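S.K.: This is the structure I have questions about; it appears just below.
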Amino acid sequence: MNLTASLQRLASHRSAVRSHAGVIFAIVIVAWGVNWPVSKALLAHVSPWWSAALRSAIGMSTLFVICALTRRLVWPARGDLPVILSVGLLHMTVFSLLVALSLQYVSAGRSAVLAYTTPLWVMPAARLWLGEALTPRRLLGLACGLLGLAVMFNPLAFDWHDRPTVFGNALVLLSAFVWAIAIVHMRAHRWVNGPFELSPWQLLLASVILCTMAFAVDGPPRVTGWAGFSGLLTYGGVVGGGIAYWLAGVVTRRLPAGVTSLGLLGVPVVGTLASALLLRETLGLDVWIALALIVGGIALGTVPRTATPCRTDAPP
C-alpha cells in the first residue's frame with residue numbers, strides 16, 4: 001500500500017513538473033517570437049550594426065548574472081573552446097548581424113519564417129558531415145520545406161526586380177545556412193560543460209566582435225527616441241535574450257526532446273502573428289502557406305517518432 005502511494009506521489013510530482021515546464025516553454029516561445037518585431041522596431045532608433053551589438057552585450061550581461069545566481073558560472077574548459085568559437089562566431093555573431101541587416105529590407109514576419117528554415121539545411125549538412133541517414137521521412141520533410149520556400153519566392157507573388165528586397169531575403173537565408181553549420185558542429189562536439197554554461201562566453205566573444213564592427217562602420221551609436229529605444233532594447237537583450245535562453249535551458253532538462261523540437265516550431269508562427277499585430281505588417285497568403293509547409297516539413301524531418309528524454313548537454 002505504501003509502495004502504491006509512493007508511486008502515485010511520484011507520478012503526481014512528475015506531472016506537476018511537466019505542467020510547469022510546459023508553461024515555461026510557452027513563455028520561451030512567445031518571448032522569442034515577439035523578439036522578431038522588436039528587432040525590426042529597434043531599427044527606427046539605431047543602426048542594425050549597433051542593434052545587433054547592443055542586444056548581444058545586454059544578453060551576455062544577463063546570462064552572466066543568471067549563471068552566477070544559479071551557481072552555473074564556469075570557466076570554459078580547453079575542450080569546449082572549438083564550440084565557443086563556432087557558436088560565438090557563426091550563430092551569435094554572423095547570424096545575429098545578418099538578420100539585423102536583413103530587417104532593413106524584409107518584414108519581421110517573413111524574416112522569422114525564412115530564418116527558421118535552418119533545420120531543413122541541418123538535415124543534408126548532418127548527412128554530409130556526420131553521416132546521419134536521410135530517411136524517407138526526412139527527405140519528405142525536406143521536400144515539404146523546399147516547397148514552402150518555392151511558394152514564398154513564387155515569381156507571381158515575389159518581386160524579383162526589387163533589388164533591396166531580394167538582397168534582404170538573401171541575407172536571411174544566408175543566416176539560416178550559417179546557423180545550420182553551427183548546429184551541426186554542436187552535434188559533433190564532445191561537451192565538457194553544458195551549452196547553457198558556455199552561452200555567456202559565446203555571447204562575450206560575439207559582443208566584442210559586434211561592438212568593434214559597429215564602431216568601425218558607424219562610429220559611436222546614434223540613438224533616436226531614447227524612451228522607445230530603451231524599452232525595445234531591454235526586451236531584446238534581457239527578456240528575448242538572456243532570460244529566454246535560460247528558461248529554454250530549464251525546459252530542455254524537463255521535457256522530452258520530441259516535445260521541445262515540436263514546440264520550437266511555434267516561434268516563427270508567433271513571430272509572424274506578432275509582426276502582423278505589433279507592426280501592422282500585411283502578410284500575403286503566400287507567406288502563410290509557406291509557413292505551414294516549412295513548419296510541417298521541419299516537424300516531419302526533425303521531430304523523433306518517440307519522445308525520449310532530452311540529454312542535459314543538448315542545446316536548447
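Here's how to read the names in the C-alpha cells: chain A, B, ... by the order shown, residue numbers from 1 in each chain, ligand numbers from 1 in the order shown.
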Find the residues near A:Ala100: any atom within 8 Å, counting only C-alpha atoms, skip ones fewer than 6 places away on the same chain, and give them as a PyMOL selection string.

M.R.: chain A and resi 39-40+48-49+51-52

S.K.: Write out as number ranges by chain the set of residues from stretch 249-297 of chain A that DSSP, computed on the backbone, places in helix (DSSP H, G or I).

M.R.: A: 249-252, 257-263, 266-278, 285-297

S.K.: Can you pull out the residues contacting A:Gly231? Cut-off 12 Å, using only C-alpha atoms, and skip same-chain residues under 6 positions away; I want them as a ChimeraX atom specification.

M.R.: /A:38-39,41-42,45,55,225,237-239

S.K.: Can you measure atom CA of A:Ala157 to atom CA of A:Ile294 for me? One decimal in Å is fine.

M.R.: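 Rounded to one decimal, the two atoms are 17.2 Å apart.
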
S.K.: Give me the residues near A:Val46 as a list in words, where near means some atom within 8 Å (using only C-alpha atoms) and where sequence neighbours in that chain fewer than 3 positions away do not count.

M.R.: Leu42, Leu43, Trp50, Ser51, Pro221, Arg222, Val223, Thr224 and Phe229 of chain A

S.K.: Would you save the residues from that selection as a compact mmCIF listing (two decimals), in the first residue's frame, using N, CA, C and O atoms?

M.R.:
```txt
# COMPACT_ATOMS: atom_id res chain seq x y z
N LEU A 42 13.51 48.20 -33.45
CA LEU A 42 14.75 48.83 -32.96
C LEU A 42 15.45 49.62 -34.07
O LEU A 42 16.16 50.59 -33.78
N LEU A 43 15.28 49.20 -35.31
CA LEU A 43 15.98 49.85 -36.41
C LEU A 43 15.48 51.27 -36.66
O LEU A 43 16.13 52.03 -37.38
N TRP A 50 24.58 48.47 -34.58
CA TRP A 50 24.52 48.68 -33.13
C TRP A 50 23.35 47.94 -32.50
O TRP A 50 23.41 47.56 -31.33
N SER A 51 22.29 47.71 -33.25
CA SER A 51 21.18 46.91 -32.72
C SER A 51 21.66 45.51 -32.35
O SER A 51 21.40 45.02 -31.25
N PRO A 221 27.31 54.89 -31.23
CA PRO A 221 25.89 54.72 -31.55
C PRO A 221 25.13 56.04 -31.51
O PRO A 221 25.29 56.83 -30.58
N ARG A 222 24.33 56.26 -32.52
CA ARG A 222 23.46 57.44 -32.58
C ARG A 222 22.02 56.97 -32.41
O ARG A 222 21.47 56.31 -33.29
N VAL A 223 21.43 57.33 -31.28
CA VAL A 223 20.11 56.83 -30.91
C VAL A 223 19.06 57.90 -31.14
O VAL A 223 19.23 59.06 -30.77
N THR A 224 17.96 57.50 -31.75
CA THR A 224 16.81 58.39 -31.96
C THR A 224 15.66 57.91 -31.08
O THR A 224 15.26 56.75 -31.16
N PHE A 229 13.52 53.42 -27.52
CA PHE A 229 14.73 52.62 -27.70
C PHE A 229 15.07 51.81 -26.46
O PHE A 229 15.37 50.60 -26.55
```

S.K.: For atom CA of A:Ile29 and atom CA of A:Val267, determine how far apart the two atoms are, in Å to one decimal place.

M.R.: 5.2 Å

S.K.: Residues of stretch 162-272 of chain A that have any atom at most 9 Å from an atom of stretch 56-78 of chain A: could you tabulate them with the shortest-distance atom pair and the distance in Å to one decimal, using only C-alpha atoms, ordered by chain and increasing number, as a Markdown table?

M.R.:
```
| residue | atom | partner | partner_atom | distance |
| --- | --- | --- | --- | --- |
| A:Val192 | CA | A:Ala77 | CA | 6.8 |
| A:Asn193 | CA | A:Ala77 | CA | 7.4 |
| A:Phe196 | CA | A:Cys67 | CA | 8.5 |
| A:Glu197 | CA | A:Arg72 | CA | 6.2 |
| A:Leu198 | CA | A:Pro76 | CA | 6.8 |
| A:Ser199 | CA | A:Leu63 | CA | 7.5 |
| A:Pro200 | CA | A:Met60 | CA | 5.2 |
| A:Trp201 | CA | A:Met60 | CA | 7.8 |
| A:Gln202 | CA | A:Met60 | CA | 8.4 |
| A:Leu203 | CA | A:Met60 | CA | 5.2 |
| A:Leu204 | CA | A:Met60 | CA | 6.0 |
| A:Ala206 | CA | A:Ser56 | CA | 7.0 |
| A:Ser207 | CA | A:Ala57 | CA | 5.2 |
| A:Val208 | CA | A:Ala57 | CA | 8.1 |
| A:Leu210 | CA | A:Ser56 | CA | 8.0 |
| A:Cys211 | CA | A:Ala57 | CA | 8.3 |
| A:Leu233 | CA | A:Ile58 | CA | 8.3 |
| A:Thr234 | CA | A:Ile58 | CA | 7.9 |
| A:Gly236 | CA | A:Gly59 | CA | 8.0 |
| A:Gly237 | CA | A:Gly59 | CA | 4.5 |
| A:Val238 | CA | A:Gly59 | CA | 5.5 |
| A:Val239 | CA | A:Gly59 | CA | 8.4 |
| A:Gly240 | CA | A:Gly59 | CA | 8.4 |
| A:Gly241 | CA | A:Gly59 | CA | 5.0 |
| A:Gly242 | CA | A:Gly59 | CA | 4.6 |
| A:Ile243 | CA | A:Thr62 | CA | 7.2 |
| A:Tyr245 | CA | A:Leu63 | CA | 8.2 |
| A:Trp246 | CA | A:Leu63 | CA | 7.4 |
```

S.K.: Can you measure atom CA of A:Gly301 to atom CA of A:Arg137 for me? One decimal in Å is fine.

M.R.: 6.0 Å

S.K.: For a quick check of understanding, using only C-alpha atoms, which of A:Leu262, A:Tyr105, A:Ala21, A:Ala290 has the smallest distance to A:Arg163?

M.R.: A:Tyr105

S.K.: Would you give me, as a tab-separated table, each residue of stretch 51-109 of chain A having an atom within 8 Å of an atom of stretch 167-170 of chain A, along with its shortest atom pair and that distance in Å to one decimal, using only C-alpha atoms and sorting by chain and residue number?

M.R.:
```
residue	atom	partner	partner_atom	distance
A:Leu101	CA	A:Gly168	CA	7.5
A:Ser102	CA	A:Gly168	CA	4.4
A:Leu103	CA	A:Gly168	CA	7.0
A:Gln104	CA	A:Gly168	CA	7.3
A:Tyr105	CA	A:Gly168	CA	5.1
A:Val106	CA	A:Gly168	CA	5.7
```

S.K.: Selection from above, C-alpha atoms, as a PDB file, in the first residue's frame, can you write it?

M.R.:
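Wrote it out as out.pdb, contents follow:
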```pdb
ATOM      1  CA  LEU A 101      20.843  43.890 -41.621  1.00  0.00           C
ATOM      2  CA  SER A 102      18.089  41.991 -43.447  1.00  0.00           C
ATOM      3  CA  LEU A 103      15.335  43.552 -41.340  1.00  0.00           C
ATOM      4  CA  GLN A 104      16.030  46.850 -43.110  1.00  0.00           C
ATOM      5  CA  TYR A 105      14.520  45.352 -46.264  1.00  0.00           C
ATOM      6  CA  VAL A 106      12.329  42.411 -45.187  1.00  0.00           C
TER       7      VAL A 106
END
```
